[in-house]
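Shown next: protein_27.txt, given as compact mmCIF, C-alpha atoms.
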```
# COMPACT_ATOMS: atom_id res chain seq x y z
CA MET A 1 -27.89 3.92 19.31
CA LYS A 2 -25.61 5.33 21.97
CA MET A 3 -24.60 8.98 21.96
CA LEU A 4 -21.33 9.69 20.22
CA GLU A 5 -18.94 12.07 21.98
CA LEU A 6 -17.11 14.66 19.89
CA LYS A 7 -13.79 13.28 21.15
CA GLN A 8 -14.71 9.80 19.88
CA LEU A 9 -15.72 11.29 16.57
CA TYR A 10 -12.25 12.49 15.68
CA GLN A 11 -10.12 10.13 17.76
CA GLY A 12 -12.04 7.04 16.61
CA PHE A 13 -11.07 7.80 13.04
CA ARG A 14 -7.38 8.07 14.01
CA ASP A 15 -7.20 4.95 16.17
CA PRO A 16 -3.81 3.21 15.57
CA LYS A 17 -5.37 -0.26 15.93
CA SER A 18 -7.97 0.52 13.28
CA ILE A 19 -5.28 1.97 11.00
CA LEU A 20 -3.28 -1.26 11.27
CA ALA A 21 -6.39 -3.42 10.84
CA TRP A 22 -7.33 -1.61 7.63
CA SER A 23 -3.82 -1.78 6.21
CA GLU A 24 -3.71 -5.55 6.87
CA LYS A 25 -7.10 -5.99 5.25
CA ILE A 26 -5.98 -4.01 2.19
CA LYS A 27 -2.80 -6.08 1.82
CA GLN A 28 -4.80 -9.28 2.16
CA GLU A 29 -7.33 -8.19 -0.46
CA ALA A 30 -4.61 -7.09 -2.87
CA LYS A 31 -2.37 -10.15 -2.62
CA ASP A 32 -3.40 -11.52 -6.03
CA LEU A 33 -2.99 -8.22 -7.87
CA LYS A 34 -0.04 -8.32 -10.25
CA CYS A 35 1.01 -4.69 -10.01
CA LYS A 36 0.62 -1.68 -7.79
CA ILE A 37 -2.48 0.45 -8.09
CA ARG A 38 -1.54 3.97 -9.15
CA VAL A 39 -3.96 6.13 -7.21
CA MET A 40 -4.13 9.90 -7.37
CA GLU A 41 -5.19 11.64 -4.20
CA VAL A 42 -6.47 14.86 -5.68
CA CYS A 43 -6.57 16.96 -2.51
CA GLY A 44 -3.63 18.29 -0.50
CA GLY A 45 -5.51 17.37 2.68
CA HIS A 46 -5.30 13.71 1.69
CA THR A 47 -1.61 14.06 0.83
CA HIS A 48 -0.97 15.30 4.35
CA SER A 49 -2.91 12.44 5.97
CA ILE A 50 -1.03 9.90 3.82
CA MET A 51 2.34 11.31 4.89
CA LYS A 52 1.45 12.17 8.49
CA TYR A 53 0.12 8.71 9.34
CA GLY A 54 2.64 6.84 7.17
CA ILE A 55 -0.12 5.33 5.02
CA ASN A 56 2.24 5.34 2.02
CA GLN A 57 4.62 3.08 3.98
CA LEU A 58 1.95 0.86 5.55
CA ILE A 59 0.58 -0.24 2.17
CA GLU A 60 3.47 0.53 -0.15
CA GLU A 61 3.26 -2.89 -1.83
CA VAL A 62 -0.34 -2.17 -2.89
CA PHE A 63 -0.44 1.49 -3.90
CA GLU A 64 1.70 4.05 -5.64
CA PHE A 65 0.44 7.46 -4.60
CA ILE A 66 0.37 10.17 -7.25
CA HIS A 67 -0.19 13.55 -5.70
CA GLY A 68 -2.79 15.70 -7.38
CA PRO A 69 -3.50 19.36 -8.07
CA GLY A 70 -5.83 19.93 -5.11
CA CYS A 71 -3.89 22.55 -3.17
CA PRO A 72 -5.36 25.98 -3.94
CA VAL A 73 -2.17 27.79 -3.01
CA CYS A 74 0.06 25.48 -5.09
CA ILE A 75 -1.90 25.83 -8.30
CA MET A 76 -2.22 29.62 -8.15
CA PRO A 77 -0.48 31.03 -11.23
CA LYS A 78 2.09 33.68 -10.58
CA ASN A 79 0.35 36.33 -12.66
CA ARG A 80 -2.59 36.18 -10.22
CA ILE A 81 -0.20 36.65 -7.27
CA ASN A 82 1.22 39.63 -9.14
CA HIS A 83 -2.33 41.01 -9.35
CA ALA A 84 -2.67 40.70 -5.58
CA VAL A 85 0.65 42.49 -5.05
CA LEU A 86 -0.34 45.30 -7.45
CA LEU A 87 -3.71 45.71 -5.73
CA ALA A 88 -2.09 45.76 -2.28
CA GLN A 89 0.20 48.55 -3.48
CA GLU A 90 -2.73 50.74 -4.61
CA GLU A 91 -3.37 53.79 -2.47
CA ASN A 92 -5.96 53.40 0.30
CA VAL A 93 -6.33 49.65 -0.24
CA ILE A 94 -6.42 46.89 2.36
CA LEU A 95 -5.87 43.49 0.77
CA ALA A 96 -7.13 40.45 2.71
CA THR A 97 -6.69 36.78 1.93
CA LEU A 98 -6.70 33.25 3.42
CA GLY A 99 -4.11 30.59 4.07
CA ASP A 100 -0.55 30.69 2.92
CA MET A 101 -1.16 33.07 0.03
CA ILE A 102 0.80 35.82 1.73
CA ARG A 103 4.10 33.94 1.45
CA ILE A 104 3.95 32.78 -2.18
CA PRO A 105 6.56 34.62 -4.20
CA SER A 106 6.05 35.89 -7.72
CA SER A 107 7.90 38.21 -10.07
CA LYS A 108 6.71 41.23 -8.08
CA GLY A 109 7.67 39.59 -4.77
CA SER A 110 5.15 38.15 -2.31
CA LEU A 111 2.29 39.80 -0.45
CA SER A 112 4.48 39.49 2.62
CA ASP A 113 7.19 41.54 0.85
CA ALA A 114 4.57 44.11 -0.13
CA ARG A 115 3.48 44.32 3.51
CA SER A 116 7.04 44.85 4.71
CA LYS A 117 7.23 47.79 2.27
CA GLY A 118 4.14 49.40 3.79
CA ALA A 119 1.17 47.81 1.99
CA ASP A 120 -1.77 46.89 4.22
CA VAL A 121 -2.03 43.12 3.66
CA ARG A 122 -4.02 41.06 6.12
CA PHE A 123 -4.51 37.36 6.69
CA VAL A 124 -8.09 36.52 7.61
CA TYR A 125 -9.45 33.37 9.22
CA SER A 126 -12.80 33.84 7.49
CA PRO A 127 -14.18 36.03 4.67
CA LEU A 128 -16.61 37.33 7.31
CA ASP A 129 -13.68 39.23 8.85
CA LEU A 130 -13.79 41.55 5.84
CA LEU A 131 -17.11 42.99 6.98
CA LYS A 132 -15.50 44.17 10.21
CA ILE A 133 -12.39 45.50 8.43
CA ALA A 134 -14.54 47.41 5.92
CA LYS A 135 -16.72 48.97 8.64
CA GLU A 136 -13.66 50.01 10.66
CA ASN A 137 -12.00 51.55 7.58
CA PRO A 138 -14.76 53.42 5.71
CA ASN A 139 -12.27 55.56 3.76
CA LYS A 140 -10.38 52.58 2.40
CA THR A 141 -11.18 49.94 -0.21
CA VAL A 142 -10.95 46.43 1.19
CA ILE A 143 -10.13 43.83 -1.48
CA TYR A 144 -10.73 40.14 -0.82
CA PHE A 145 -8.20 38.06 -2.74
CA ALA A 146 -10.49 35.02 -2.89
CA ILE A 147 -8.87 31.62 -3.42
CA GLY A 148 -9.86 27.98 -3.24
CA PHE A 149 -11.89 25.21 -4.80
CA GLU A 150 -15.61 24.43 -4.51
CA THR A 151 -15.20 24.32 -0.71
CA THR A 152 -14.46 28.03 -0.28
CA THR A 153 -16.45 29.48 -3.21
CA PRO A 154 -19.86 29.62 -1.45
CA MET A 155 -18.30 31.61 1.39
CA SER A 156 -17.24 34.31 -1.10
CA ALA A 157 -20.79 34.30 -2.48
CA ALA A 158 -22.22 34.56 1.05
CA LEU A 159 -19.89 37.49 1.80
CA LEU A 160 -21.02 39.30 -1.34
CA GLU A 161 -24.64 38.67 -0.37
CA ARG A 162 -23.97 40.35 3.00
CA VAL A 163 -22.16 43.24 1.28
CA GLU A 164 -25.17 43.81 -0.98
CA ARG A 165 -27.72 43.42 1.79
CA GLU A 166 -25.92 45.78 4.17
CA GLY A 167 -25.11 48.29 1.40
CA ILE A 168 -21.36 48.16 2.05
CA LYS A 169 -19.57 50.19 -0.61
CA ASN A 170 -15.91 49.55 0.13
CA ILE A 171 -15.42 45.79 -0.44
CA LEU A 172 -14.17 44.43 -3.77
CA PHE A 173 -13.37 40.87 -4.82
CA HIS A 174 -10.48 39.43 -6.82
CA ILE A 175 -11.89 36.00 -7.64
CA ASN A 176 -9.56 33.02 -8.08
CA HIS A 177 -12.01 30.23 -7.37
CA VAL A 178 -11.23 27.07 -9.30
CA LEU A 179 -12.98 23.76 -9.93
CA VAL A 180 -11.71 20.26 -9.13
CA PRO A 181 -12.94 18.11 -12.08
CA PRO A 182 -11.29 20.07 -14.97
CA PRO A 183 -7.66 19.56 -13.78
CA MET A 184 -8.44 15.89 -13.04
CA GLU A 185 -9.57 15.55 -16.63
CA ALA A 186 -6.55 17.51 -17.92
CA ILE A 187 -4.23 15.14 -16.04
CA LEU A 188 -5.93 12.12 -17.57
CA GLN A 189 -5.12 13.57 -21.02
CA ASN A 190 -1.41 13.80 -20.11
CA GLN A 191 0.42 10.86 -21.72
CA ASP A 192 3.14 11.00 -19.03
CA VAL A 193 0.72 10.28 -16.19
CA HIS A 194 -0.99 6.95 -15.71
CA ILE A 195 -3.75 6.77 -13.13
CA ASP A 196 -5.73 3.66 -12.16
CA ALA A 197 -8.01 5.28 -9.57
CA PHE A 198 -8.92 8.54 -7.86
CA ILE A 199 -9.39 9.33 -4.19
CA ALA A 200 -11.69 12.32 -4.54
CA PRO A 201 -11.64 15.31 -2.18
CA SER A 202 -14.08 15.09 0.69
CA HIS A 203 -14.78 18.68 1.68
CA VAL A 204 -15.14 19.82 -1.92
CA SER A 205 -17.77 17.07 -2.18
CA VAL A 206 -19.59 18.28 0.95
CA ILE A 207 -20.44 21.39 -1.08
CA ALA A 208 -20.54 20.14 -4.69
CA GLY A 209 -21.80 16.59 -4.06
CA SER A 210 -20.16 13.37 -5.22
CA LYS A 211 -22.07 13.81 -8.51
CA ILE A 212 -19.26 15.98 -9.94
CA TYR A 213 -17.05 12.88 -10.33
CA GLU A 214 -19.52 10.85 -12.41
CA PRO A 215 -17.68 11.50 -15.72
CA PHE A 216 -14.57 9.80 -14.35
CA VAL A 217 -16.41 6.52 -14.09
CA SER A 218 -18.81 6.86 -17.04
CA LYS A 219 -16.42 8.43 -19.57
CA TYR A 220 -12.96 7.30 -18.38
CA ARG A 221 -13.82 4.14 -16.40
CA ILE A 222 -11.57 5.15 -13.48
CA PRO A 223 -12.65 3.87 -10.04
CA THR A 224 -13.36 6.97 -7.96
CA VAL A 225 -13.98 7.03 -4.22
CA VAL A 226 -14.80 10.08 -2.12
CA ALA A 227 -12.99 9.60 1.19
CA GLY A 228 -12.65 11.61 4.39
CA PHE A 229 -9.35 13.05 5.59
CA GLU A 230 -8.95 11.01 8.75
CA PRO A 231 -6.50 8.12 8.28
CA VAL A 232 -9.10 5.40 8.84
CA ASP A 233 -11.47 7.08 6.37
CA LEU A 234 -8.73 7.23 3.79
CA LEU A 235 -7.79 3.57 4.33
CA GLU A 236 -11.40 2.47 3.98
CA GLY A 237 -11.57 4.47 0.72
CA LEU A 238 -8.41 2.74 -0.51
CA TRP A 239 -9.87 -0.63 0.41
CA MET A 240 -12.93 0.24 -1.73
CA ILE A 241 -10.56 0.95 -4.61
CA VAL A 242 -8.80 -2.41 -4.19
CA GLN A 243 -12.22 -4.09 -4.38
CA GLN A 244 -13.09 -2.29 -7.60
CA VAL A 245 -9.71 -2.94 -9.24
CA LYS A 246 -9.87 -6.60 -8.25
CA HIS A 247 -13.28 -7.01 -9.82
CA ARG A 248 -12.40 -4.83 -12.85
CA GLU A 249 -15.10 -2.35 -11.97
CA ALA A 250 -15.21 1.42 -12.25
CA ARG A 251 -17.78 2.90 -9.90
CA LEU A 252 -18.29 6.12 -8.01
CA GLU A 253 -18.37 5.32 -4.30
CA ASN A 254 -18.71 7.48 -1.22
CA GLN A 255 -16.83 6.42 1.88
CA TYR A 256 -17.50 9.74 3.66
CA LYS A 257 -21.24 9.28 3.98
CA ARG A 258 -21.39 11.04 7.33
CA SER A 259 -20.83 14.37 5.55
CA VAL A 260 -21.09 13.93 1.78
CA SER A 261 -24.23 13.31 -0.26
CA PHE A 262 -24.63 12.77 -3.99
CA GLU A 263 -26.26 16.20 -4.45
CA GLY A 264 -24.14 18.18 -1.99
CA ASN A 265 -25.08 21.42 -0.23
CA LEU A 266 -27.80 22.85 -2.50
CA LEU A 267 -28.00 26.25 -0.80
CA ALA A 268 -24.27 26.74 -1.27
CA GLN A 269 -24.61 25.72 -4.94
CA GLU A 270 -27.50 28.20 -5.42
CA LYS A 271 -25.38 31.05 -4.05
CA ILE A 272 -22.47 30.13 -6.33
CA GLU A 273 -24.84 29.97 -9.31
CA HIS A 274 -26.29 33.38 -8.43
CA TYR A 275 -23.00 35.29 -8.30
CA PHE A 276 -20.52 33.37 -10.44
CA GLU A 277 -20.06 32.19 -14.01
CA LEU A 278 -17.41 30.05 -15.69
CA ARG A 279 -14.29 31.71 -17.07
CA GLU A 280 -13.49 30.66 -20.63
CA SER A 281 -10.02 29.65 -19.47
CA PHE A 282 -7.75 29.83 -16.43
CA MET A 283 -4.00 29.31 -16.18
CA TRP A 284 -3.17 26.56 -13.66
CA ARG A 285 0.31 26.51 -12.26
CA GLY A 286 1.98 23.36 -13.53
CA ILE A 287 -0.81 22.31 -15.83
CA GLY A 288 -1.35 25.36 -18.04
CA GLU A 289 -4.54 26.85 -19.43
CA ILE A 290 -7.63 24.73 -18.77
CA PRO A 291 -10.92 25.78 -20.39
CA TYR A 292 -13.89 26.38 -18.09
CA SER A 293 -11.92 25.45 -14.97
CA ALA A 294 -12.47 28.58 -12.87
CA LEU A 295 -15.11 31.10 -11.91
CA ARG A 296 -15.53 34.87 -12.05
CA LEU A 297 -18.22 37.29 -10.93
CA LYS A 298 -21.11 37.75 -13.35
CA GLU A 299 -21.26 40.98 -15.36
CA LYS A 300 -24.13 42.32 -13.22
CA PHE A 301 -21.82 42.30 -10.17
CA ALA A 302 -19.02 44.15 -12.03
CA GLN A 303 -19.03 46.97 -9.47
CA TYR A 304 -17.65 44.50 -6.90
CA ASP A 305 -15.04 42.99 -9.22
CA ALA A 306 -11.50 44.27 -8.61
CA GLU A 307 -10.43 42.85 -11.99
CA ARG A 308 -12.87 45.21 -13.72
CA VAL A 309 -12.36 48.19 -11.41
CA TYR A 310 -8.53 48.15 -11.64
CA ASP A 311 -6.38 47.80 -14.74
CA LEU A 312 -4.54 44.52 -14.15
CA PRO A 313 -2.15 43.09 -16.77
CA TYR A 314 -2.18 39.51 -18.02
CA GLU A 315 1.38 38.21 -18.10
CA VAL A 316 3.08 34.84 -18.13
CA VAL A 317 5.65 34.54 -15.34
CA LYS A 318 8.38 31.88 -15.46
CA GLU A 319 9.01 29.43 -12.61
CA PRO A 320 12.25 29.70 -10.59
CA LYS A 321 15.21 27.88 -12.18
CA GLY A 322 15.37 24.24 -11.11
CA CYS A 323 11.93 24.22 -9.42
CA ILE A 324 9.80 21.29 -10.59
CA CYS A 325 6.57 22.27 -8.79
CA PRO A 326 4.73 22.26 -12.15
CA GLN A 327 5.64 18.61 -12.78
CA ILE A 328 4.83 17.67 -9.17
CA ILE A 329 1.40 19.32 -9.28
CA SER A 330 0.53 17.53 -12.51
CA GLY A 331 1.50 14.12 -11.15
CA VAL A 332 4.57 13.63 -13.37
CA ALA A 333 7.24 13.96 -10.65
CA LYS A 334 7.60 13.54 -6.90
CA PRO A 335 9.31 15.94 -4.46
CA LEU A 336 12.37 13.73 -4.01
CA SER A 337 13.14 14.09 -7.74
CA CYS A 338 13.62 17.83 -7.28
CA LYS A 339 17.25 18.92 -6.93
CA LEU A 340 16.18 21.88 -4.77
CA PHE A 341 14.10 19.82 -2.31
CA GLY A 342 15.37 19.99 1.24
CA ILE A 343 18.62 21.66 0.17
CA VAL A 344 17.72 25.20 -0.83
CA CYS A 345 13.93 24.73 -0.81
CA LYS A 346 12.59 24.25 2.73
CA PRO A 347 9.44 25.43 4.54
CA THR A 348 11.51 28.25 6.09
CA SER A 349 12.94 29.30 2.70
CA PRO A 350 10.53 27.99 0.04
CA ILE A 351 11.37 28.36 -3.63
CA GLY A 352 8.19 26.85 -5.07
CA SER A 353 4.55 26.91 -4.05
CA CYS A 354 4.45 23.17 -3.13
CA MET A 355 6.84 23.94 -0.27
CA VAL A 356 5.17 27.22 0.80
CA SER A 357 1.69 25.90 1.33
CA SER A 358 1.05 23.82 4.44
CA GLU A 359 -1.09 21.64 2.14
CA GLY A 360 1.63 21.38 -0.49
CA VAL A 361 3.12 18.00 -1.31
CA CYS A 362 6.77 19.12 -0.83
CA ASN A 363 5.84 20.60 2.53
CA ALA A 364 4.27 17.24 3.51
CA TYR A 365 7.34 15.26 2.39
CA PHE A 366 9.62 17.62 4.31
CA ARG A 367 7.47 17.77 7.44
CA TYR A 368 6.78 14.05 7.76
CA GLY A 369 10.02 12.76 6.24
CA ASN A 370 11.87 13.64 9.47
CA LEU A 371 13.49 16.59 7.76
CA LEU A 372 11.86 19.29 9.86
CA MET B 1 -7.04 24.74 4.03
CA CYS B 2 -9.35 21.73 3.76
CA LEU B 3 -8.64 20.17 7.14
CA SER B 4 -11.91 21.10 8.80
CA ILE B 5 -12.33 19.68 12.28
CA PRO B 6 -15.69 18.48 13.59
CA SER B 7 -17.31 20.92 15.98
CA GLN B 8 -20.36 20.80 18.23
CA VAL B 9 -23.06 23.46 18.23
CA VAL B 10 -23.26 25.17 21.63
CA SER B 11 -25.74 27.99 20.93
CA ILE B 12 -27.63 29.52 18.02
CA ASP B 13 -28.23 33.20 17.19
CA GLU B 14 -31.19 33.20 14.80
CA LYS B 15 -31.20 37.00 14.35
CA ASN B 16 -27.65 37.08 12.95
CA ASN B 17 -27.87 33.56 11.46
CA THR B 18 -24.80 32.42 13.36
CA CYS B 19 -23.98 29.82 15.99
CA ILE B 20 -21.27 29.25 18.59
CA VAL B 21 -19.42 25.98 18.11
CA ASP B 22 -16.99 24.09 20.27
CA THR B 23 -13.95 22.80 18.39
CA MET B 24 -11.79 20.59 20.60
CA GLY B 25 -12.45 22.84 23.59
CA THR B 26 -12.25 26.18 21.80
CA GLN B 27 -15.44 28.11 21.21
CA ARG B 28 -15.95 30.35 18.20
CA GLU B 29 -18.65 31.89 16.08
CA ALA B 30 -19.66 30.37 12.76
CA SER B 31 -22.02 31.64 10.06
CA LEU B 32 -25.08 29.68 9.00
CA ASP B 33 -25.39 31.62 5.71
CA ILE B 34 -24.67 28.61 3.49
CA PHE B 35 -26.53 26.05 5.54
CA LYS B 36 -30.24 25.51 4.93
CA GLU B 37 -31.21 22.60 7.19
CA LYS B 38 -32.46 23.04 10.72
CA ILE B 39 -29.64 23.02 13.19
CA GLU B 40 -29.91 22.20 16.88
CA ILE B 41 -27.73 22.55 19.93
CA GLY B 42 -25.62 19.41 20.25
CA ASP B 43 -25.39 18.78 16.50
CA TYR B 44 -21.99 17.96 15.05
CA VAL B 45 -20.99 20.14 12.12
CA LEU B 46 -18.08 20.70 9.77
CA ILE B 47 -16.74 24.25 9.90
CA HIS B 48 -14.72 25.72 7.07
CA ILE B 49 -13.30 29.27 7.13
CA GLY B 50 -15.93 30.41 9.60
CA TYR B 51 -18.99 28.82 7.96
CA VAL B 52 -20.99 25.73 8.80
CA MET B 53 -20.69 23.57 5.65
CA ASN B 54 -22.73 20.59 6.74
CA LYS B 55 -23.98 18.47 9.60
CA ILE B 56 -22.13 15.28 10.42
CA SER B 57 -24.41 12.27 10.52
CA LYS B 58 -23.99 10.71 13.97
CA GLU B 59 -25.56 7.48 12.71
CA HIS B 60 -23.08 7.06 9.84
CA ALA B 61 -20.15 7.98 12.10
CA GLN B 62 -21.28 5.47 14.71
CA GLU B 63 -21.76 2.73 12.10
CA SER B 64 -18.22 3.26 10.77
CA LEU B 65 -16.64 3.27 14.23
CA GLU B 66 -18.45 0.06 15.17
CA LEU B 67 -17.29 -1.60 11.94
CA TYR B 68 -13.69 -0.60 12.67
CA GLN B 69 -13.96 -1.93 16.22
CA GLN B 70 -15.25 -5.27 14.91
CA MET B 71 -12.30 -5.47 12.50
CA VAL B 72 -9.80 -4.83 15.29
CA GLU B 73 -11.45 -7.49 17.47
CA ALA B 74 -11.45 -10.01 14.60
CA ILE B 75 -7.74 -9.48 13.99
CA GLN B 76 -7.00 -9.82 17.72
CA ARG B 77 -8.91 -13.12 17.79
CA GLU B 78 -6.95 -14.39 14.77
CA ASP B 79 -3.69 -13.48 16.54
CA GLU B 80 -4.76 -15.31 19.70
CA ASP B 81 -5.75 -18.43 17.69
CA ALA B 82 -2.45 -18.46 15.79
```
Same coordinates, now as structure tokens:
Amino acid sequence: MKMLELKQLYQGFRDPKSILAWSEKIKQEAKDLKCKIRVMEVCGGHTHSIMKYGINQLIEEVFEFIHGPGCPVCIMPKNRINHAVLLAQEENVILATLGDMIRIPSSKGSLSDARSKGADVRFVYSPLDLLKIAKENPNKTVIYFAIGFETTTPMSAALLERVEREGIKNILFHINHVLVPPPMEAILQNQDVHIDAFIAPSHVSVIAGSKIYEPFVSKYRIPTVVAGFEPVDLLEGLWMIVQQVKHREARLENQYKRSVSFEGNLLAQEKIEHYFELRESFMWRGIGEIPYSALRLKEKFAQYDAERVYDLPYEVVKEPKGCICPQIISGVAKPLSCKLFGIVCKPTSPIGSCMVSSEGVCNAYFRYGNLL
Amino acid sequence: MCLSIPSQVVSIDEKNNTCIVDTMGTQREASLDIFKEKIEIGDYVLIHIGYVMNKISKEHAQESLELYQQMVEAIQREDEDA
């Protein structure tokens, strides 16, 4: 087998000729189907590929895309953002977080607002950056506002392992790690949403393994395919779904074999198991409370848990008037149904979290709908 | 947050359990703390927020790319015959 260049690896999976070939093949396969297949792409990464490469337009006669709850920034409930703002405002605290979390507004403003008022809020590329920040600021408490699904959870565990091993005393964690299968199941219980198939997140599956989706085929009989984020990967995954629907099957398939196994990354899973336990319940923005859908630090690591060290209130915060992010996240509505979309709610002046996050579905519609 | 880009391992620091990877021409450090398998220079890996999550199977990638190429060629032949 000839050596594969890195350039081929990513460009080969974005090749326009292959994209067109797959879309033709899908249309051909689906020509006898009587109605569109309603497929939920659970992850915001897939939503962006669908919009960026115009996959929704290429195969619009075959699929209706329902955008799922797989954007960690979009599903973050406002009371947790309020926690981050309160922690950032504590004396001698440096609050660090990933992604677009800094810009998400809540009833106490955003982390960005807190920073403009003097709080030390930092965006980090990696949780590892906290080690450096903590060593450079020995008289301050560095709090990691940890977010994300199964993909980012082991990195928080690995950071805590380093903190323990190196005896670092000034790093705390505010854990907001959530799980993918529980909201998928919650959405299936929603009478207003009808889903024929799932495209399951690929990088979550690199860590957790494709095994986590087994209940969707065994219990709910929904065809479920793990697919990569590149457009050709996604199209191959959609083709697998057409095959299953056509033959009235419901199987768990893995298109992204080059990175995902059934069992996943076992070392990462061990680290998660060591440090974390299930929360009884977690409030998901747009979906509501879902039992056993998120993680927290185990009691024996309480000294590292900002939620136990600081007194943080539980409060329910209302969404902005007119914003339908909750309905969008739960698959009931699409961005174009929102009266605020593109008029007052834009990436430069976002009202709701789906527009703030670069993985958010409104952001994708705006960015790739020639509105930017 | 999920859009990890494939990277290639350039060097390995066993003492600190890290490696240097090349991501589309940019080199950066990545932790090996959540990766158990043996890693070698030249391997392709997926990096997420500074950590190596997994190796990318060159064989599976190559198989897929060859399949896609065959599909494109088949469609071109059909167009020429039409």
Show me which bits of chain B are within 10 Å of chain A, counting only C-alpha atoms, as JSON, numbers by chain.
-> {"B": [1, 2, 3, 4, 5, 6, 7, 8, 22, 23, 24, 25, 30, 31, 32, 33, 34, 35, 36, 37, 42, 43, 44, 45, 46, 48, 49, 50, 51, 52, 53, 54, 55, 56, 57, 58, 59, 60, 61, 62, 63, 64, 65, 66, 67, 68, 69, 70, 71, 72, 73, 74, 75, 76]}
Which residue of A:Arg279, A:Lys211, A:Lys169, A:Lys52 approaches Phe262 of chain A most closely, using all atoms listed in the file =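 Among the listed residues, the smallest separation from Phe262 of chain A belongs to A:Lys211.
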For Thr224 of chain A, work out the shell of residues within 12 Å, counting all atoms listed in the file and skipping chain neighbours fewer than 3 positions away, then give it as an MDAnalysis selection string.
-> chainID A and resid 39:42 181 184 195:202 210:218 220:221 227 237:245 249:255
A:Val62, A:Leu130, A:Ala114, A:Val316 ranked by distance to Arg80 of chain A, top pick (using all atoms listed in the file) |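 The closest residue to Arg80 of chain A is A:Val316.
You will find atom CA of Lys246 of chain A at 15.1 Å from atom CA of Glu61 of chain A.
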State, in Å with one decimal place, the distance from atom CA of Arg38 of chain A to atom CA of Glu64 of chain A.
->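 Here the two named atoms are 4.8 Å from each other.
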So that all listed atoms of segment 26-34 of chain B fit with 8 Å spare on each side, what axis-aligned box centre and edge lengths in Å, to one decimal, would you give as lines of an AutoDock Vina configuration file?
```
center_x = -18.8
center_y = 29.0
center_z = 12.6
size_x = 29.1
size_y = 21.7
size_z = 34.3
```
So, counting all atoms listed in the file, which residue among A:Leu312, A:Val226, A:Ile168, A:Ile290 is closest to Val85 of chain A?
-> A:Leu312
Rounded to one decimal place, report the atom CA of Pro335 of chain A-atom CA of Phe123 of chain A distance in Å.
-> 27.8 Å
Got a sec: who's within 9 Å of Glu40 of chain B, counting all atoms listed in the file, leaving out chain neighbours fewer than 3 positions off, as a list in words?
->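 The filter keeps Val9, Val10, Ser11, Ile12 and Asp43 of chain B.
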Which one of A:Ser330, A:Thr97, A:Ser205, A:Ser349 sits closest to Glu150 of chain A if you count all atoms listed in the file?
-> A:Ser205
Using only C-alpha atoms, which of the listed residues (A:Ser293, A:Ser110, A:Gln303, A:Asn79) sits closest to Ile351 of chain A?
->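 With only C-alpha atoms as the atom set, the closest residue is A:Ser110.
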